[in-house]
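A.B. asks: After the structure tokens below, expect a handful of questions from me.
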Number of protein chains: 2
Amino acid sequence: MNPKRYLPIFQWLPHYRRETLTRDLLAAVIVTIMLIPQSLAYAMLAGLPAEVGLYASVLPLVAYAVFGTSRTLAVGPVAVVSLMTAAALGNLATPGSPEYVGAALVLALLSGLILTLMGVARLGFLANFLSHPVISGFITASGLIIAAGQLRHLIGVEASGHNMVTLLSGLVEQAGSIHGATLLLGGGSLLFLYAVRRWLKGSLTAMGVSVATADMLTKAAPIVAVAVTTLLTWQLGLDKQGVDVVGDIPAGLPPITLPGFEPGLWGDLLMAALLISIVGFVESVSVGQTLAAKRRQRIDPNQELIGLGGANLAASFSGGMPVTGGFSRSVVNFDAGAQTPAAGAFTAVGIGVAALVLTPLIAYLPVATLAATIIIAVLSLVDFPAIVRTWRYSRSDFAAMLATIVVTLVSGVESGILAGVGLSLALHLYRTSRPHSAVIGRVPGSEHFRNIERHQVETVPHLCILRVDESLYFANARYLEDTVMDEVSRQPDVKHVVLACQAVNVIDASALESLETINQRLSDAGVSLHLAEVKGPVMDRLQNTAFCQALTGFVHLSTYHAWVALTQPTNARYPEHASCPNASTLPWANGTHEAAPTMAAASPLQ
Amino acid sequence: MNPKRYLPIFQWLPHYRRETLTRDLLAAVIVTIMLIPQSLAYAMLAGLPAEVGLYASVLPLVAYAVFGTSRTLAVGPVAVVSLMTAAALGNLATPGSPEYVGAALVLALLSGLILTLMGVARLGFLANFLSHPVISGFITASGLIIAAGQLRHLIGVEASGHNMVTLLSGLVEQAGSIHGATLLLGGGSLLFLYAVRRWLKGSLTAMGVSVATADMLTKAAPIVAVAVTTLLTWQLGLDKQGVDVVGDIPAGLPPITLPGFEPGLWGDLLMAALLISIVGFVESVSVGQTLAAKRRQRIDPNQELIGLGGANLAASFSGGMPVTGGFSRSVVNFDAGAQTPAAGAFTAVGIGVAALVLTPLIAYLPVATLAATIIIAVLSLVDFPAIVRTWRYSRSDFAAMLATIVVTLVSGVESGILAGVGLSLALHLYRTSRPHSAVIGRVPGSEHFRNIERHQVETVPHLCILRVDESLYFANARYLEDTVMDEVSRQPDVKHVVLACQAVNVIDASALESLETINQRLSDAGVSLHLAEVKGPVMDRLQNTAFCQALTGFVHLSTYHAWVALTQPTNARYPEHASCPNASTLPWANGTHEAAPTMAAASPLQ
């Protein structure tokens, strides 16, 4: 076993230099400043005490630095995963209660185990079944739900729910009891954060500040909002006037925790843990790949699973919550010049210091400020133009995206993502079960064949060349039978049917039986069946089958070879029951193709 | 609305002639003789009173004659559907009890509704998702379970179960209490039926009897066994010595029944009804298509759904059980010369007369004789060579088949068929998520391009032509990224990558994003990306996308065009950021291809 494969830390640690250290340290300071308010806010979003967010930003970062392959990914609590955590735990315990905190540890543990097992079993490809439109729709809908859910903190009312319907109806019911001071603090923070995001970067760059620095200053705005509103609340005693604050949280390093083993609870959380794992992995790996490509680095998706799995296991044993790689903090880390995962470890030290030292100051931090930072962060996830783009490009992708958005908004995150995956798979299967096919003719004077409905091509009455644009498998086997028989019944003069198989990548056992049936029925009608352009791997399998023995026509190297053979006058007495040509006599199998130029010269229609 | 479309009876009834009548009547008599013992036996197999089988063979046949499109399909209780009925009802009520009989009516009603709705909504294609190997494996496993389940009747012991494990363990427990007289009757019938099936047809044809007549005489053997063993039992009073007999059954026409509406029961039976409907439809439609093709007739699968749906609805309102088209009786009907569905209606009259007149005689019919007819009938369904054939042709088809067989035998029919369908879909998706791809080169002196690993072909160091043998969709989008980038990293001299898309039938939104990513990453590495052989429908969609705007290379008509364009020396200064060519200037879009011969003549390597 090569330790470098499973412990990527050995790839960079031996070459660690002083200048790398300087750059990593600088990036870590900037990410720490950004991560403190985010950690607190996403813990709150998940229904957990604020300190859990800090704990989840210490050991998990160290674990990822050891096991992860991205040099710049910044791990920790993120918005969508926190929302999914809240949805998973909401039915099991009261938010904030010890049972709830314990269940979050179990969720992180299960998620860590699932990710690690998937990584070891090299099941990273499973994430591919989440299509881009489904992910995009899911993240947009999650952003909307999160924003709607935070509104209550912003205006200081009680309301709850994990989908748009319950959230909005709760807000409407409570609209009469808006708390003025809370609204001022929350609304003020929201306006400040929005203004910074909208204008600060442009103004700074206009003043000559570099784009990267302007970007980082912009991303540091939440810590300013946190500091100012905390100070205001403390000075004016707003917490005593009903402004909700984070309150006393224990100062200290993350505790060592042991997730409970209750089979019932594990069963209840398993599905949620699986979805959290896959969604978290997909988000994280796409950020990681984008950043790696910019520096010509590669990340290994299966090792990433192990890295994220390790991070979640670390979270579960240190009082944390499910974590994954975050988009904006990773970009900041990258822009700040992080060179190695050591930057993540240094960030962990920074957050650890914050948990030790800053916690007394956080007591006066208004919840409304955290809500404002969450709302601003998640609204950048909402991507309406992507919906329009998808609608324009593909109706079936749009349908999967819309189903994901609507079901997520109406019914919740788990059913939303399952509906999206289910529908996109069903639509894919439906499409391949009714493949596009085209009768093709010869482009005059060439060896090319194209759809007779789209191009001016030559055809011959006794020859029907059908191109099937899909692999032949059980879902479309019967459709193929219908297509061929319909085509032949429409063209009474046809004596030869050629199936052009350039798009056929597989013929499974069901399709093979259908081909046998087609061959038999055509033979009964006095028509011979030919194949052309059969690919190597497909022909290897067909070689020794009963179908190949019974085939009434031939297997031709190309459509053009079939055209030449079947349009020459000598072929009027074409053998009715020629057996399948032996592999070694097939022209394409011996690697020399000296026949091709001759055939081109002998084309009968020139 | 055209009545001929939804009521196929209007297609043949107006042209009905006397000679057609004679042939239909003859076929009806023969099928009636064959159907009486089958109906009784399959009712017993389903755990229902024997008369239910007769009732299910009257009105359903009339309904199918009105709505069905096959001229020769014979409808009624069949073995596999009866087994599935027994499995569905077994957990809900005691076999033979009034609740059980009522639940069978509900099952027939649900099945009828599902089939009719599928037909109206034209969902016949759903049956395609049952692959041939899964059906074949399911029927083999069902045959083995049915045969094992009938053994207890043959040897006169009590045992029950719906899977192989419970059935065999029950038989072993009861092995000590074999009933001698029952074994003699049952074993005798079994030997007689086996001998007839094995030797009678051959002997008769050797004696000069026509094959069709010999076949029909062979198929009439069960009625002989029934008559002889009934007579023996009556004469010797064997029923009083412990031989199980059918017993008194009410004489009379099918009663009018109303299936009960209990939401709980409907919910319990819905899944079973869906599976029974689909399995019954697949069996029936394949028999119907085979027979129709022999006489150059066509059947319409969606109208068949309505025909079978009508038959099941009729069964549910006339004291019956779920029915479908049977294989052996349809072949007998066809061979006996049935011309129109009227033969089925006449058969219904025959069974009706039997229900009125013959029921007193049936009282002494030994159950063991019925068990023997079932065992002989279902063992012909068991197809071990198909398992070997599938193993040889395709390992993944074999895996789906094996899963179906094993899960059906061990766990029951419903889980068996769901396991088979699930696994075959999962394997199909897994395969398309890791598509075959090949770097291709030019077959010397031709316009053909083939896999460099399989053929002696020309290549050029600065050009990499990659053929992807699958549609590009979400499940393989990321795999495509990896494949292209790996190939480029292996060939450092490459300046142009051409994706040959002849096998790409669809590019969905996820794959489009991956192509954008690939284009960007190649561009960063100083490599331009080209497409070739893009199909019309795919190109139509790509036309107005951001990808097409950003494409660093060109879209070429064919791989050969790309080869010519990219191997000519003038192309050393190939434009790095050429925009996507406008649709109207693409050579393949205007229908004239005058450029092709010129390019062929200008091939740089000739």
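Residues are named by chain letter and number: chains run A, B, ... in the order of the structure tokens, numbers start at 1 in each chain, and ligands are numbered from 1 in the order shown.
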Show me which bits of chain B are within 6 Å of chain A, counting only C-alpha atoms, as a list of chain:residue names.
C.D. replies: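 Per the criterion, chain B yields B:Asn128, B:Phe129, B:Ser131, B:His132, B:His455, B:Gln456, B:Asp469, B:Phe474, B:Ala475, B:Ala503, B:Asn505, B:Ser510, B:Gly591.
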A.B. asks: Mind writing the picked residues with N, CA and C atoms as a PDB file, in the first residue's frame?
C.D. replies:
ATOM      1  N   ASN B 128     -41.540  -2.458 -21.650  1.00  0.00           N
ATOM      2  CA  ASN B 128     -40.203  -2.686 -22.201  1.00  0.00           C
ATOM      3  C   ASN B 128     -39.131  -2.711 -21.125  1.00  0.00           C
ATOM      4  N   PHE B 129     -39.436  -2.137 -19.957  1.00  0.00           N
ATOM      5  CA  PHE B 129     -38.418  -2.106 -18.920  1.00  0.00           C
ATOM      6  C   PHE B 129     -38.259  -3.462 -18.234  1.00  0.00           C
ATOM      7  N   SER B 131     -36.774  -6.557 -19.040  1.00  0.00           N
ATOM      8  CA  SER B 131     -35.923  -7.083 -20.105  1.00  0.00           C
ATOM      9  C   SER B 131     -36.214  -8.571 -20.334  1.00  0.00           C
ATOM     10  N   HIS B 132     -35.855  -9.067 -21.505  1.00  0.00           N
ATOM     11  CA  HIS B 132     -36.080 -10.482 -21.805  1.00  0.00           C
ATOM     12  C   HIS B 132     -35.448 -11.407 -20.762  1.00  0.00           C
ATOM     13  N   HIS B 455      -6.772  -1.576 -35.055  1.00  0.00           N
ATOM     14  CA  HIS B 455      -6.517  -1.542 -36.495  1.00  0.00           C
ATOM     15  C   HIS B 455      -5.206  -0.847 -36.793  1.00  0.00           C
ATOM     16  N   GLN B 456      -4.651  -1.137 -37.989  1.00  0.00           N
ATOM     17  CA  GLN B 456      -3.439  -0.450 -38.434  1.00  0.00           C
ATOM     18  C   GLN B 456      -3.869   0.842 -39.106  1.00  0.00           C
ATOM     19  N   ASP B 469     -18.321   6.536 -27.440  1.00  0.00           N
ATOM     20  CA  ASP B 469     -19.373   5.633 -27.903  1.00  0.00           C
ATOM     21  C   ASP B 469     -20.600   5.671 -27.007  1.00  0.00           C
ATOM     22  N   PHE B 474     -25.894  13.327 -17.981  1.00  0.00           N
ATOM     23  CA  PHE B 474     -25.351  13.615 -16.655  1.00  0.00           C
ATOM     24  C   PHE B 474     -24.502  12.502 -16.062  1.00  0.00           C
ATOM     25  N   ALA B 475     -24.908  11.241 -16.294  1.00  0.00           N
ATOM     26  CA  ALA B 475     -24.202  10.148 -15.625  1.00  0.00           C
ATOM     27  C   ALA B 475     -22.779   9.977 -16.143  1.00  0.00           C
ATOM     28  N   ALA B 503     -21.579   8.626 -32.392  1.00  0.00           N
ATOM     29  CA  ALA B 503     -22.370   7.801 -31.473  1.00  0.00           C
ATOM     30  C   ALA B 503     -23.079   8.648 -30.418  1.00  0.00           C
ATOM     31  N   ASN B 505     -25.944  10.715 -29.389  1.00  0.00           N
ATOM     32  CA  ASN B 505     -27.299  10.971 -29.844  1.00  0.00           C
ATOM     33  C   ASN B 505     -27.952  12.117 -29.106  1.00  0.00           C
ATOM     34  N   SER B 510     -26.111  18.824 -18.489  1.00  0.00           N
ATOM     35  CA  SER B 510     -24.934  18.520 -17.673  1.00  0.00           C
ATOM     36  C   SER B 510     -23.719  18.298 -18.564  1.00  0.00           C
ATOM     37  N   GLY B 591     -27.612  21.018 -47.420  1.00  0.00           N
ATOM     38  CA  GLY B 591     -28.116  19.911 -48.237  1.00  0.00           C
ATOM     39  C   GLY B 591     -27.276  19.632 -49.470  1.00  0.00           C
TER      40      GLY B 591
END
A.B. asks: If you run DSSP on the backbone, which residues of segment 190-333 of chain B are strand (DSSP E or B), as a PyMOL selection string?
C.D. replies: chain B and resi 245+324-326
A.B. asks: Give me the residues within 8 Å of segment 81-87 of chain B as a short mmCIF file (atom, residue, chain, number, x, y, z; two decimals) with N, CA and C atoms, in the first residue's frame, counting only C-alpha atoms and dropping any in the same chain fewer than 5 places off.
C.D. replies:
data_model
loop_
_atom_site.label_atom_id
_atom_site.label_comp_id
_atom_site.auth_asym_id
_atom_site.auth_seq_id
_atom_site.Cartn_x
_atom_site.Cartn_y
_atom_site.Cartn_z
N TYR B 42 -55.80 -23.79 -12.32
CA TYR B 42 -55.18 -22.51 -12.00
C TYR B 42 -55.95 -21.77 -10.90
N ALA B 43 -57.27 -22.02 -10.81
CA ALA B 43 -58.01 -21.46 -9.67
C ALA B 43 -57.46 -22.06 -8.38
N LEU B 45 -54.48 -23.32 -7.94
CA LEU B 45 -53.14 -22.77 -7.74
C LEU B 45 -53.19 -21.40 -7.08
N ALA B 46 -54.22 -20.61 -7.44
CA ALA B 46 -54.36 -19.28 -6.85
C ALA B 46 -54.98 -19.34 -5.47
N GLY B 47 -55.31 -20.53 -4.98
CA GLY B 47 -55.92 -20.67 -3.66
C GLY B 47 -57.41 -20.39 -3.67
N ALA B 104 -59.65 -11.45 -4.35
CA ALA B 104 -59.27 -11.80 -5.73
C ALA B 104 -60.05 -10.94 -6.72
N LEU B 107 -58.43 -7.62 -6.76
CA LEU B 107 -57.17 -7.69 -7.50
C LEU B 107 -57.44 -7.65 -9.01
N SER B 142 -40.73 -18.96 -11.42
CA SER B 142 -42.15 -19.17 -11.09
C SER B 142 -42.55 -20.61 -11.36
N ILE B 146 -44.11 -23.09 -8.63
CA ILE B 146 -45.43 -23.69 -8.83
C ILE B 146 -45.33 -25.20 -8.73
N HIS B 162 -45.02 -19.43 -0.32
CA HIS B 162 -44.96 -18.79 -1.62
C HIS B 162 -43.54 -18.65 -2.12
N ALA B 272 -49.14 -5.30 -6.09
CA ALA B 272 -49.30 -6.63 -6.68
C ALA B 272 -50.07 -6.52 -7.98
N ILE B 276 -48.78 -7.77 -11.55
CA ILE B 276 -49.56 -8.77 -12.29
C ILE B 276 -49.94 -8.23 -13.66
N VAL B 279 -46.66 -8.08 -15.90
CA VAL B 279 -46.19 -9.42 -16.27
C VAL B 279 -47.19 -10.08 -17.22
N GLY B 280 -48.49 -9.97 -16.87
CA GLY B 280 -49.52 -10.57 -17.72
C GLY B 280 -49.50 -9.96 -19.11
N PRO B 322 -57.78 -12.64 -11.67
CA PRO B 322 -56.96 -12.02 -12.71
C PRO B 322 -56.66 -12.99 -13.86
N VAL B 323 -56.80 -12.49 -15.09
CA VAL B 323 -56.59 -13.32 -16.29
C VAL B 323 -55.61 -12.61 -17.24
N THR B 324 -55.09 -13.38 -18.17
CA THR B 324 -54.32 -12.79 -19.27
C THR B 324 -54.28 -13.80 -20.41
N GLY B 412 -39.82 -14.60 -3.08
CA GLY B 412 -41.17 -14.52 -3.63
C GLY B 412 -41.23 -13.76 -4.95
N VAL B 413 -42.41 -13.80 -5.58
CA VAL B 413 -42.53 -13.28 -6.95
C VAL B 413 -42.37 -11.77 -7.03
N GLU B 414 -42.99 -11.04 -6.07
CA GLU B 414 -42.94 -9.58 -6.19
C GLU B 414 -41.52 -9.06 -6.04
#
A.B. asks: Report as a ChimeraX atom specification all protein, DNA and RNA residues lying within 10 Å of Phe67 of chain A, evaluated on only C-alpha atoms, omitting residues in the same chain fewer than 5 positions from it.
C.D. replies: /A:4-10,62,303-311,341
A.B. asks: Write the residues you've just listed into a file as a compact mmCIF listing (two decimals), in the first residue's frame, and include C-alpha atoms for each of them.
C.D. replies:
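Heads up, here's the output in result-v2.txt:
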# COMPACT_ATOMS: atom_id res chain seq x y z
CA LYS A 4 0.84 8.75 -0.62
CA ARG A 5 -2.34 7.42 -2.20
CA TYR A 6 -4.46 7.28 0.93
CA LEU A 7 -2.64 10.03 2.84
CA PRO A 8 -2.13 12.85 0.33
CA ILE A 9 -0.45 14.87 3.07
CA PHE A 10 2.77 12.97 2.25
CA VAL A 62 -7.17 19.21 10.26
CA GLN A 303 -9.82 10.35 -2.34
CA GLU A 304 -11.92 13.50 -1.83
CA LEU A 305 -14.65 11.22 -0.45
CA ILE A 306 -12.16 9.90 2.08
CA GLY A 307 -11.02 13.45 2.92
CA LEU A 308 -14.58 14.67 3.49
CA GLY A 309 -15.42 11.43 5.32
CA GLY A 310 -12.49 12.03 7.67
CA ALA A 311 -13.64 15.62 8.23
CA PRO A 341 -3.86 22.10 2.94
A.B. asks: Would you mind listing what lies within 9 Å of segment 20-24 of chain B as a count of residues only, with only C-alpha atoms counted and same-chain residues fewer than 3 positions away left out?
C.D. replies: 16
A.B. asks: Give me the residues within 9 Å of Tyr55 of chain A as an NGL selection string, counting only C-alpha atoms and dropping any in the same chain fewer than 6 places off.
C.D. replies: :A and (39 or 253-255 or 315 or 318-321 or 351-352 or 355)
A.B. asks: Pick out the closest residue to Val75 of chain B from this set: B:Leu89, B:Ala314, B:Leu418, B:Ala212. Count only C-alpha atoms.
C.D. replies: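 Of B:Leu89, B:Ala314, B:Leu418, B:Ala212, the one nearest Val75 of chain B, counting only C-alpha atoms, is B:Ala314.
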A.B. asks: So which one's closest to Leu117 of chain B, B:Gln11, B:Ser277, B:Thr347, B:Ser97? Using only C-alpha atoms, please.
C.D. replies: B:Ser277
A.B. asks: Residues near Ser415 of chain A, anyone? I mean within 12 Å using only C-alpha atoms, not counting same-chain ones fewer than 2 positions away, as an NGL selection string.
C.D. replies: :A and (84 or 87-88 or 138 or 162-163 or 271-272 or 275 or 403-413 or 417-423)
A.B. asks: Between B:Phe547, B:Phe384, B:Tyr364, B:Phe334, which is the closest to Lys240 of chain B once you count only C-alpha atoms?
C.D. replies: B:Tyr364
A.B. asks: What does the distance between atom CA of His496 of chain A and atom CA of Leu463 of chain A come to in Å, to one decimal place?
C.D. replies: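 A separation of 5.0 Å between them.
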A.B. asks: As an exercise, work out the distance from atom CA of Gly102 of chain A to atom CA of Leu48 of chain A in Å and give it to one decimal place.
C.D. replies: 10.2 Å
